[in-house]
$ cat start.pdb   # PDB, C-alpha atoms
ATOM      1  CA  MET U 282      13.285 -28.753  74.944
ATOM      2  CA  GLN U 283      10.699 -26.224  73.722
ATOM      3  CA  TYR U 284      10.751 -25.773  69.967
ATOM      4  CA  SER U 285       9.778 -22.472  68.352
ATOM      5  CA  VAL U 286       7.841 -23.911  65.395
ATOM      6  CA  LYS U 287       4.786 -26.044  64.743
ATOM      7  CA  LYS U 288       5.281 -29.796  65.078
ATOM      8  CA  SER U 289       3.981 -30.193  61.520
ATOM      9  CA  ILE U 290       7.333 -28.850  60.238
ATOM     10  CA  TYR U 291      10.607 -30.744  59.947
ATOM     11  CA  VAL U 292      13.943 -29.878  58.339
ATOM     12  CA  GLY U 293      15.383 -31.743  55.350
ATOM     13  CA  ILE U 294      19.063 -31.379  54.422
ATOM     14  CA  VAL U 295      20.897 -33.009  51.512
ATOM     15  CA  THR U 296      24.606 -33.568  52.122
ATOM     16  CA  PHE U 297      27.383 -34.418  49.689
ATOM     17  CA  ASN U 298      30.985 -34.200  50.911
ATOM     18  CA  PRO U 299      30.144 -31.247  53.168
ATOM     19  CA  GLU U 300      32.659 -28.988  54.856
ATOM     20  CA  LEU U 301      32.158 -30.213  58.412
ATOM     21  CA  THR U 302      32.684 -26.857  60.114
ATOM     22  CA  ARG U 303      29.998 -25.217  57.985
ATOM     23  CA  LEU U 304      27.641 -28.187  58.423
ATOM     24  CA  GLN U 305      28.065 -27.957  62.191
ATOM     25  CA  GLU U 306      27.295 -24.241  62.052
ATOM     26  CA  ASN U 307      24.172 -25.055  60.028
ATOM     27  CA  LEU U 308      22.932 -27.741  62.432
ATOM     28  CA  SER U 309      23.697 -25.740  65.570
ATOM     29  CA  ALA U 310      21.639 -22.846  64.224
ATOM     30  CA  ILE U 311      18.552 -24.805  63.155
ATOM     31  CA  SER U 312      18.480 -27.699  65.648
ATOM     32  CA  PRO U 313      17.009 -25.703  68.577
ATOM     33  CA  GLN U 314      14.206 -24.433  66.335
ATOM     34  CA  VAL U 315      12.660 -27.722  65.199
ATOM     35  CA  GLU U 316      11.635 -31.101  66.579
ATOM     36  CA  ARG U 317      13.236 -33.187  63.840
ATOM     37  CA  ILE U 318      15.993 -32.822  61.244
ATOM     38  CA  VAL U 319      16.336 -35.404  58.474
ATOM     39  CA  ILE U 320      19.611 -35.609  56.558
ATOM     40  CA  CYS U 321      19.801 -37.450  53.248
ATOM     41  CA  ASP U 322      23.438 -38.113  52.443
ATOM     42  CA  ASN U 323      24.225 -38.509  48.753
ATOM     43  CA  GLY U 324      27.158 -40.911  49.032
ATOM     44  CA  SER U 325      29.644 -38.594  50.763
ATOM     45  CA  THR U 326      33.223 -39.846  50.970
ATOM     46  CA  ASN U 327      33.458 -38.299  54.457
ATOM     47  CA  PHE U 328      30.261 -39.952  55.707
ATOM     48  CA  LYS U 329      31.955 -41.418  58.788
ATOM     49  CA  ASN U 330      33.033 -37.904  59.795
ATOM     50  CA  ILE U 331      29.462 -36.717  59.274
ATOM     51  CA  GLN U 332      28.197 -39.520  61.521
ATOM     52  CA  SER U 333      30.655 -38.502  64.233
ATOM     53  CA  LEU U 334      29.457 -34.900  64.018
ATOM     54  CA  LEU U 335      25.789 -35.925  64.225
ATOM     55  CA  GLU U 336      26.379 -37.721  67.532
ATOM     56  CA  ASN U 337      26.257 -34.275  69.134
ATOM     57  CA  TYR U 338      22.565 -33.862  68.211
ATOM     58  CA  SER U 339      19.561 -35.775  69.538
ATOM     59  CA  ASN U 340      16.937 -34.803  66.952
ATOM     60  CA  ILE U 341      18.565 -35.918  63.674
ATOM     61  CA  THR U 342      17.556 -38.842  61.461
ATOM     62  CA  VAL U 343      19.910 -39.958  58.669
ATOM     63  CA  LEU U 344      18.981 -41.449  55.300
ATOM     64  CA  SER U 345      22.162 -42.781  53.722
ATOM     65  CA  LEU U 346      22.412 -43.282  49.951
ATOM     66  CA  GLN U 347      25.357 -45.340  48.770
ATOM     67  CA  THR U 348      26.035 -43.231  45.668
ATOM     68  CA  ASN U 349      25.384 -39.683  44.506
ATOM     69  CA  SER U 350      21.895 -40.001  43.036
ATOM     70  CA  GLY U 351      21.395 -36.271  42.551
ATOM     71  CA  ILE U 352      19.637 -33.523  44.471
ATOM     72  CA  ALA U 353      16.221 -34.341  42.957
ATOM     73  CA  HIS U 354      16.295 -37.956  44.169
ATOM     74  CA  ALA U 355      17.501 -36.914  47.625
ATOM     75  CA  LEU U 356      14.759 -34.282  47.913
ATOM     76  CA  ASN U 357      12.153 -36.864  46.945
ATOM     77  CA  GLN U 358      13.469 -39.165  49.674
ATOM     78  CA  LEU U 359      13.243 -36.356  52.227
ATOM     79  CA  MET U 360       9.725 -35.366  51.169
ATOM     80  CA  TYR U 361       8.581 -38.998  51.180
ATOM     81  CA  PHE U 362       9.863 -39.257  54.761
ATOM     82  CA  GLY U 363       7.677 -36.299  55.705
ATOM     83  CA  MET U 364       4.606 -37.760  54.019
ATOM     84  CA  LYS U 365       5.185 -41.149  55.674
ATOM     85  CA  HIS U 366       5.486 -39.546  59.107
ATOM     86  CA  ASP U 367       2.485 -37.225  58.709
ATOM     87  CA  TYR U 368       4.317 -33.914  58.490
ATOM     88  CA  ASP U 369       2.727 -31.024  56.619
ATOM     89  CA  TRP U 370       5.772 -28.923  55.678
ATOM     90  CA  MET U 371       9.491 -29.466  55.125
ATOM     91  CA  LEU U 372      12.102 -26.757  55.487
ATOM     92  CA  ALA U 373      14.766 -27.539  52.855
ATOM     93  CA  LEU U 374      18.310 -26.437  53.653
ATOM     94  CA  ASP U 375      21.578 -26.768  51.793
ATOM     95  CA  GLN U 376      24.460 -28.210  53.785
ATOM     96  CA  ASP U 377      26.069 -24.755  54.047
ATOM     97  CA  SER U 378      22.919 -22.757  54.911
ATOM     98  CA  VAL U 379      23.045 -20.815  58.184
ATOM     99  CA  CYS U 380      19.735 -19.710  59.690
ATOM    100  CA  SER U 381      19.104 -16.933  62.188
ATOM    101  CA  ASP U 382      17.779 -17.815  65.665
ATOM    102  CA  ASP U 383      14.208 -16.828  64.757
ATOM    103  CA  TYR U 384      14.301 -18.094  61.168
ATOM    104  CA  LEU U 385      11.474 -20.633  61.275
ATOM    105  CA  ARG U 386       9.294 -18.495  63.498
ATOM    106  CA  LYS U 387       9.407 -15.742  60.868
ATOM    107  CA  LEU U 388       8.845 -18.076  57.921
ATOM    108  CA  GLN U 389       5.953 -20.046  59.402
ATOM    109  CA  ARG U 390       3.885 -16.861  59.826
ATOM    110  CA  PHE U 391       2.774 -17.316  56.224
ATOM    111  CA  ILE U 392       1.583 -20.946  56.461
ATOM    112  CA  ASP U 393      -2.049 -19.990  57.063
ATOM    113  CA  PHE U 394      -1.911 -16.906  54.853
ATOM    114  CA  SER U 395      -3.683 -18.668  51.971
ATOM    115  CA  HIS U 396      -5.044 -22.180  51.412
ATOM    116  CA  ASN U 397      -3.142 -22.670  48.141
ATOM    117  CA  ILE U 398       0.422 -21.730  49.107
ATOM    118  CA  GLY U 399       2.803 -24.498  48.041
ATOM    119  CA  ILE U 400       6.164 -22.890  48.852
ATOM    120  CA  ILE U 401       7.228 -20.173  51.298
ATOM    121  CA  ALA U 402      10.690 -18.841  50.473
ATOM    122  CA  PRO U 403      13.086 -16.445  52.222
ATOM    123  CA  THR U 404      15.269 -13.724  50.767
ATOM    124  CA  ILE U 405      18.645 -15.301  49.886
ATOM    125  CA  ILE U 406      21.917 -13.500  50.635
ATOM    126  CA  ASP U 407      24.993 -15.007  48.966
ATOM    127  CA  ARG U 408      28.283 -14.637  50.835
ATOM    128  CA  ASN U 409      30.075 -13.649  47.617
ATOM    129  CA  ILE U 410      27.634 -11.571  45.557
ATOM    130  CA  GLY U 411      24.926 -10.339  47.943
ATOM    131  CA  SER U 412      21.176 -10.604  47.316
ATOM    132  CA  VAL U 413      20.066 -13.431  44.985
ATOM    133  CA  GLY U 414      16.830 -13.609  43.004
ATOM    134  CA  HIS U 415      13.727 -11.461  43.402
ATOM    135  CA  GLU U 416      13.649  -8.231  45.400
ATOM    136  CA  VAL U 417      10.877  -7.827  47.990
ATOM    137  CA  ALA U 418       9.820  -4.239  48.650
ATOM    138  CA  HIS U 419       7.156  -5.000  51.242
ATOM    139  CA  GLU U 420       6.466  -7.853  53.655
ATOM    140  CA  TYR U 421       6.056 -10.448  50.900
ATOM    141  CA  ARG U 422       5.277 -10.967  47.220
ATOM    142  CA  PHE U 423       4.175 -13.869  45.049
ATOM    143  CA  VAL U 424       6.799 -15.048  42.568
ATOM    144  CA  ARG U 425       7.178 -17.564  39.751
ATOM    145  CA  THR U 426      10.281 -19.339  41.055
ATOM    146  CA  CYS U 427      12.563 -19.687  44.062
ATOM    147  CA  ILE U 428      15.628 -21.721  44.909
ATOM    148  CA  THR U 429      15.278 -24.808  47.089
ATOM    149  CA  SER U 430      17.385 -23.851  50.072
ATOM    150  CA  GLY U 431      15.680 -22.090  52.937
ATOM    151  CA  ALA U 432      12.134 -22.585  51.659
ATOM    152  CA  LEU U 433       9.194 -24.310  53.318
ATOM    153  CA  TYR U 434       7.664 -26.950  51.053
ATOM    154  CA  ARG U 435       4.110 -28.193  51.477
ATOM    155  CA  ILE U 436       4.075 -31.986  51.461
ATOM    156  CA  ASP U 437       0.680 -32.518  49.840
ATOM    157  CA  SER U 438       1.556 -30.200  46.943
ATOM    158  CA  TRP U 439       4.723 -32.254  46.343
ATOM    159  CA  SER U 440       2.668 -35.447  46.145
ATOM    160  CA  LYS U 441       0.124 -33.867  43.789
ATOM    161  CA  VAL U 442       2.784 -32.990  41.192
ATOM    162  CA  ASP U 443       4.615 -36.332  41.509
ATOM    163  CA  GLY U 444       7.701 -34.876  43.147
ATOM    164  CA  TYR U 445      10.946 -33.684  41.638
ATOM    165  CA  ASP U 446      12.151 -34.716  38.173
ATOM    166  CA  GLU U 447      15.074 -36.973  39.021
ATOM    167  CA  SER U 448      16.408 -37.008  35.465
ATOM    168  CA  MET U 449      17.509 -33.388  36.000
ATOM    169  CA  PHE U 450      19.874 -34.549  38.753
ATOM    170  CA  ILE U 451      20.889 -31.122  40.112
ATOM    171  CA  ASP U 452      20.601 -27.832  38.190
ATOM    172  CA  SER U 453      17.214 -26.139  37.633
ATOM    173  CA  VAL U 454      15.507 -28.895  39.616
ATOM    174  CA  ASP U 455      13.900 -26.225  41.803
ATOM    175  CA  PHE U 456      12.734 -24.046  38.901
ATOM    176  CA  GLU U 457      11.123 -26.948  37.045
ATOM    177  CA  TYR U 458       9.390 -27.995  40.262
ATOM    178  CA  CYS U 459       8.142 -24.422  40.783
ATOM    179  CA  TYR U 460       6.666 -24.445  37.279
ATOM    180  CA  ARG U 461       4.649 -27.593  37.963
ATOM    181  CA  ILE U 462       3.576 -26.361  41.409
ATOM    182  CA  ARG U 463       2.121 -23.183  39.898
ATOM    183  CA  LYS U 464       0.547 -25.129  37.038
ATOM    184  CA  ALA U 465      -1.209 -27.283  39.661
ATOM    185  CA  GLY U 466      -2.726 -24.164  41.227
ATOM    186  CA  PHE U 467      -0.331 -23.514  44.112
ATOM    187  CA  LYS U 468       1.370 -20.198  44.861
ATOM    188  CA  ILE U 469       4.969 -19.383  45.768
ATOM    189  CA  LEU U 470       5.308 -16.737  48.461
ATOM    190  CA  LEU U 471       8.603 -14.894  48.848
ATOM    191  CA  ALA U 472       9.069 -13.221  52.235
ATOM    192  CA  LYS U 473      11.217 -10.158  52.862
ATOM    193  CA  GLU U 474      12.109 -11.669  56.241
ATOM    194  CA  PRO U 475      13.753 -13.951  57.177
ATOM    195  CA  ARG U 476      16.939 -13.734  55.140
ATOM    196  CA  LEU U 477      19.129 -16.764  54.593
ATOM    197  CA  LEU U 478      22.909 -16.562  54.394
ATOM    198  CA  GLN U 479      24.579 -19.124  52.163
ATOM    199  CA  GLU U 480      27.026 -19.639  49.317
ATOM    200  CA  VAL U 481      25.480 -20.281  45.885
ATOM    201  CA  GLY U 482      28.441 -21.946  44.183
ATOM    202  CA  HIS U 483      31.681 -19.929  44.020
ATOM    203  CA  SER U 484      30.275 -16.950  42.188
ATOM    204  CA  GLU U 485      32.069 -13.695  41.436
ATOM    205  CA  TYR U 486      31.553 -10.655  39.253
ATOM    206  CA  ARG U 487      34.019 -10.015  36.416
ATOM    207  CA  ARG U 488      34.326  -7.079  34.033
ATOM    208  CA  PHE U 489      33.485  -7.228  30.324
ATOM    209  CA  LEU U 490      33.927  -3.814  28.733
ATOM    210  CA  PHE U 491      31.451  -1.604  30.634
ATOM    211  CA  PHE U 492      29.457  -4.487  32.114
ATOM    212  CA  LYS U 493      29.660  -6.685  35.208
ATOM    213  CA  VAL U 494      29.405 -10.385  34.342
ATOM    214  CA  LEU U 495      28.471 -13.019  36.922
ATOM    215  CA  VAL U 496      30.810 -16.028  36.689
ATOM    216  CA  ASN U 497      29.833 -19.118  38.707
ATOM    217  CA  ASN U 498      33.043 -21.184  38.388
ATOM    218  CA  HIS U 499      31.193 -24.500  38.511
ATOM    219  CA  SER U 500      32.923 -27.803  37.803
ATOM    220  CA  ALA U 501      32.713 -29.536  34.411
ATOM    221  CA  PHE U 502      30.267 -32.003  35.977
ATOM    222  CA  ARG U 503      27.927 -29.151  36.951
ATOM    223  CA  LYS U 504      28.347 -27.489  33.555
ATOM    224  CA  PHE U 505      26.895 -30.614  31.933
ATOM    225  CA  TYR U 506      23.650 -30.370  33.898
ATOM    226  CA  ILE U 507      23.416 -26.593  33.646
ATOM    227  CA  ALA U 508      23.589 -26.809  29.844
ATOM    228  CA  ARG U 509      21.372 -29.902  29.724
ATOM    229  CA  ASN U 510      18.586 -28.495  31.842
ATOM    230  CA  ASN U 511      18.650 -25.038  30.249
ATOM    231  CA  VAL U 512      17.065 -26.670  27.195
ATOM    232  CA  TYR U 513      15.502 -29.825  28.686
ATOM    233  CA  PHE U 514      13.123 -27.986  31.013
ATOM    234  CA  PRO U 515      11.470 -25.788  28.342
ATOM    235  CA  LEU U 516      11.368 -28.589  25.755
ATOM    236  CA  LYS U 517       9.731 -30.928  28.262
ATOM    237  CA  HIS U 518       6.953 -28.418  28.918
ATOM    238  CA  HIS U 519       6.718 -27.041  25.360
ATOM    239  CA  LEU U 520       7.800 -23.523  26.367
ATOM    240  CA  SER U 521       9.116 -22.012  23.133
ATOM    241  CA  LEU U 522      10.295 -18.647  24.511
ATOM    242  CA  PHE U 523      12.003 -20.327  27.457
ATOM    243  CA  PHE U 524      13.746 -22.672  25.037
ATOM    244  CA  ILE U 525      15.132 -19.674  23.138
ATOM    245  CA  ARG U 526      16.294 -18.260  26.470
ATOM    246  CA  GLY U 527      17.921 -21.614  27.251
ATOM    247  CA  VAL U 528      19.831 -21.564  23.965
ATOM    248  CA  LEU U 529      21.028 -18.029  24.726
ATOM    249  CA  ARG U 530      22.046 -19.039  28.238
ATOM    250  CA  ASN U 531      24.074 -21.956  26.923
ATOM    251  CA  THR U 532      25.768 -19.702  24.393
ATOM    252  CA  LEU U 533      26.617 -17.252  27.170
ATOM    253  CA  LEU U 534      27.798 -20.143  29.345
ATOM    254  CA  LEU U 535      30.323 -21.201  26.711
ATOM    255  CA  LEU U 536      31.452 -17.599  26.276
ATOM    256  CA  LYS U 537      32.019 -17.129  30.015
ATOM    257  CA  ILE U 538      34.024 -20.350  30.225
ATOM    258  CA  THR U 539      36.184 -19.242  27.302
ATOM    259  CA  LEU U 540      36.831 -15.765  28.731
ATOM    260  CA  TYR U 541      37.022 -16.240  32.502
ATOM    261  CA  GLU U 542      37.253 -19.810  33.781
ATOM    262  CA  THR U 543      40.001 -22.382  34.232
ATOM    263  CA  ASP U 544      39.939 -25.918  32.795
ATOM    264  CA  LYS U 545      38.290 -24.474  29.696
ATOM    265  CA  LYS U 546      38.569 -27.476  27.379
ATOM    266  CA  LYS U 547      36.977 -29.917  29.813
ATOM    267  CA  LYS U 548      34.175 -27.535  30.781
ATOM    268  CA  ILE U 549      33.350 -26.621  27.178
ATOM    269  CA  LYS U 550      33.241 -30.290  26.162
ATOM    270  CA  SER U 551      31.011 -31.125  29.126
ATOM    271  CA  SER U 552      28.676 -28.191  28.406
ATOM    272  CA  ILE U 553      28.241 -29.190  24.753
ATOM    273  CA  SER U 554      27.569 -32.798  25.768
ATOM    274  CA  GLY U 555      24.956 -31.629  28.263
ATOM    275  CA  TRP U 556      23.348 -29.385  25.661
ATOM    276  CA  ARG U 557      23.002 -32.331  23.266
ATOM    277  CA  GLU U 558      21.603 -34.595  25.975
ATOM    278  CA  GLY U 559      19.089 -31.934  27.014
ATOM    279  CA  MET U 560      17.868 -31.614  23.433
ATOM    280  CA  ARG U 561      17.480 -35.381  23.119
ATOM    281  CA  ALA U 562      15.732 -35.880  26.465
ATOM    282  CA  GLY U 563      13.538 -32.804  26.080
ATOM    283  CA  LEU U 564      12.335 -33.752  22.631
ATOM    284  CA  GLU U 565      11.388 -37.183  23.938
ATOM    285  CA  GLY U 566       9.075 -35.439  26.369
ATOM    286  CA  GLY U 567      10.994 -35.948  29.608
ATOM    287  CA  LYS U 568      10.051 -38.305  32.357
ATOM    288  CA  ASN U 569       9.841 -38.017  36.137
ATOM    289  CA  ALA U 570      11.844 -40.880  37.640
ATOM    290  CA  HIS U 571      11.216 -41.650  41.302
TER     291      HIS U 571
END
$ encode --input "start.pdb" --output "structure tokens"
Amino acid sequence: MQYSVKKSIYVGIVTFNPELTRLQENLSAISPQVERIVICDNGSTNFKNIQSLLENYSNITVLSLQTNSGIAHALNQLMYFGMKHDYDWMLALDQDSVCSDDYLRKLQRFIDFSHNIGIIAPTIIDRNIGSVGHEVAHEYRFVRTCITSGALYRIDSWSKVDGYDESMFIDSVDFEYCYRIRKAGFKILLAKEPRLLQEVGHSEYRRFLFFKVLVNNHSAFRKFYIARNNVYFPLKHHLSLFFIRGVLRNTLLLLKITLYETDKKKKIKSSISGWREGMRAGLEGGKNAH
């Protein structure tokens, strides 16, 4: 089979109890475009079903974790695989990401654009709310942050910043990583094309007086880490203004739960617990655990 991308690129996907139909759609779209796909499974209860699905593909390697160790740990495992096997770049995909036929060909155009590019990200289109993140008026722009899914990650930049902060587990893992990448002198390029279709949570817009409010409807488990990392990240890096923003975000989070979401008591309790833990961990300076 002739692949459409450089052999220095592989695909890394983290799975956790995936919807098998969507995962199959993901793999069928990206498999013809790349020589190797590496899946790190985070202790899925339907792992046997995943294994059965993967029998249909010849270019997939599986790293199986026995428990859910978090997205940061799984990403570190995937990146370490790339470093060990002499790859230069990893395309990170969520389990529900669906790429176009020419996705990698379009994204890899920017690899040699500059010597200090650490991440090359696509424009994200959410199935529920449309465009997510920064707008790109021209062919590309340099940005401060991007989400993990759909982006090409340079392996040597990952190793230079000591990988992802595993204490963060899931939420804001990508943004904290972007901060350290830029601090180390690497750039983040956001491309207008390709565009990546996926579902960022179960988001929806709700009305509050004359305003539209984005409600994410995350579980209580996710609320803990959202609230935790809203304050942990800026405290860890001594970012005073970002800490104030984190406090405001947590206040807004509690307000949205109260006004719009189900299972309010459990989610509010979890959010407050996460907020406290983020304050404690952040004030202690944080620690990358690998």
$ resolve_selection --input "start.pdb" --expression "the PyMOL selection byres ((chain U and resi 387-401) around 8)" --output "PyMOL selection string"
chain U and resi 286+383-386+402-403+432-435+438+462+466-472+474-475
$ atom_distance --input "start.pdb" --atom1 "atom CA of U:Ile451" --atom2 "atom CA of U:Met364"
22.4 Å
$ resolve_selection --input "start.pdb" --expression "the PyMOL selection byres ((chain U and resi 529-543) around 10)" --output "tab-separated table (two decimals) with C-alpha atoms, in the frame of the given file"
chain	number	residue	atom	x	y	z
U	487	ARG	CA	34.02	-10.02	36.42
U	488	ARG	CA	34.33	-7.08	34.03
U	489	PHE	CA	33.48	-7.23	30.32
U	494	VAL	CA	29.40	-10.38	34.34
U	495	LEU	CA	28.47	-13.02	36.92
U	496	VAL	CA	30.81	-16.03	36.69
U	497	ASN	CA	29.83	-19.12	38.71
U	498	ASN	CA	33.04	-21.18	38.39
U	499	HIS	CA	31.19	-24.50	38.51
U	500	SER	CA	32.92	-27.80	37.80
U	504	LYS	CA	28.35	-27.49	33.56
U	507	ILE	CA	23.42	-26.59	33.65
U	508	ALA	CA	23.59	-26.81	29.84
U	509	ARG	CA	21.37	-29.90	29.72
U	510	ASN	CA	18.59	-28.50	31.84
U	511	ASN	CA	18.65	-25.04	30.25
U	512	VAL	CA	17.07	-26.67	27.20
U	523	PHE	CA	12.00	-20.33	27.46
U	524	PHE	CA	13.75	-22.67	25.04
U	525	ILE	CA	15.13	-19.67	23.14
U	526	ARG	CA	16.29	-18.26	26.47
U	527	GLY	CA	17.92	-21.61	27.25
U	528	VAL	CA	19.83	-21.56	23.96
U	544	ASP	CA	39.94	-25.92	32.80
U	545	LYS	CA	38.29	-24.47	29.70
U	546	LYS	CA	38.57	-27.48	27.38
U	547	LYS	CA	36.98	-29.92	29.81
U	548	LYS	CA	34.17	-27.54	30.78
U	549	ILE	CA	33.35	-26.62	27.18
U	550	LYS	CA	33.24	-30.29	26.16
U	552	SER	CA	28.68	-28.19	28.41
U	553	ILE	CA	28.24	-29.19	24.75
U	555	GLY	CA	24.96	-31.63	28.26
U	556	TRP	CA	23.35	-29.38	25.66
$ residues_around --input "start.pdb" --residues "stretch 315-327 of chain U" --least-positions-apart "3" --cutoff "10 Å" --atoms "all atoms listed in the file" --output "PyMOL selection string"
chain U and resi 282-301+308+311-312+330-332+335+338-352+354-360+362-363+371-374+376+385-386
$ closest_residue --input "start.pdb" --among "U:Asp446, U:Glu457, U:Glu565, U:Glu336" --to "U:Thr426" --atoms "all atoms listed in the file"
U:Glu457
$ resolve_selection --input "start.pdb" --expression "the PyMOL selection byres ((chain U and resi 380) around 6)" --output "list in words"
Ala310, Val379, Ser381, Tyr384 and Leu477 of chain U
$ atom_distance --input "start.pdb" --atom1 "atom CA of U:Tyr368" --atom2 "atom CA of U:Tyr458"
19.8 Å
$ atom_distance --input "start.pdb" --atom1 "atom CA of U:Ser453" --atom2 "atom CA of U:Asp375"
14.8 Å
$ residues_around --input "start.pdb" --residues "U:Lys441" --least-positions-apart "4" --cutoff "10 Å" --atoms "all atoms listed in the file" --output "PyMOL selection string"
chain U and resi 436-437+461-462+465
$ residues_near_point --input "start.pdb" --point "(7.8, -33.8, 25.7)" --cutoff "6 Å" --atoms "all atoms listed in the file" --output "PyMOL selection string"
chain U and resi 517+563-567
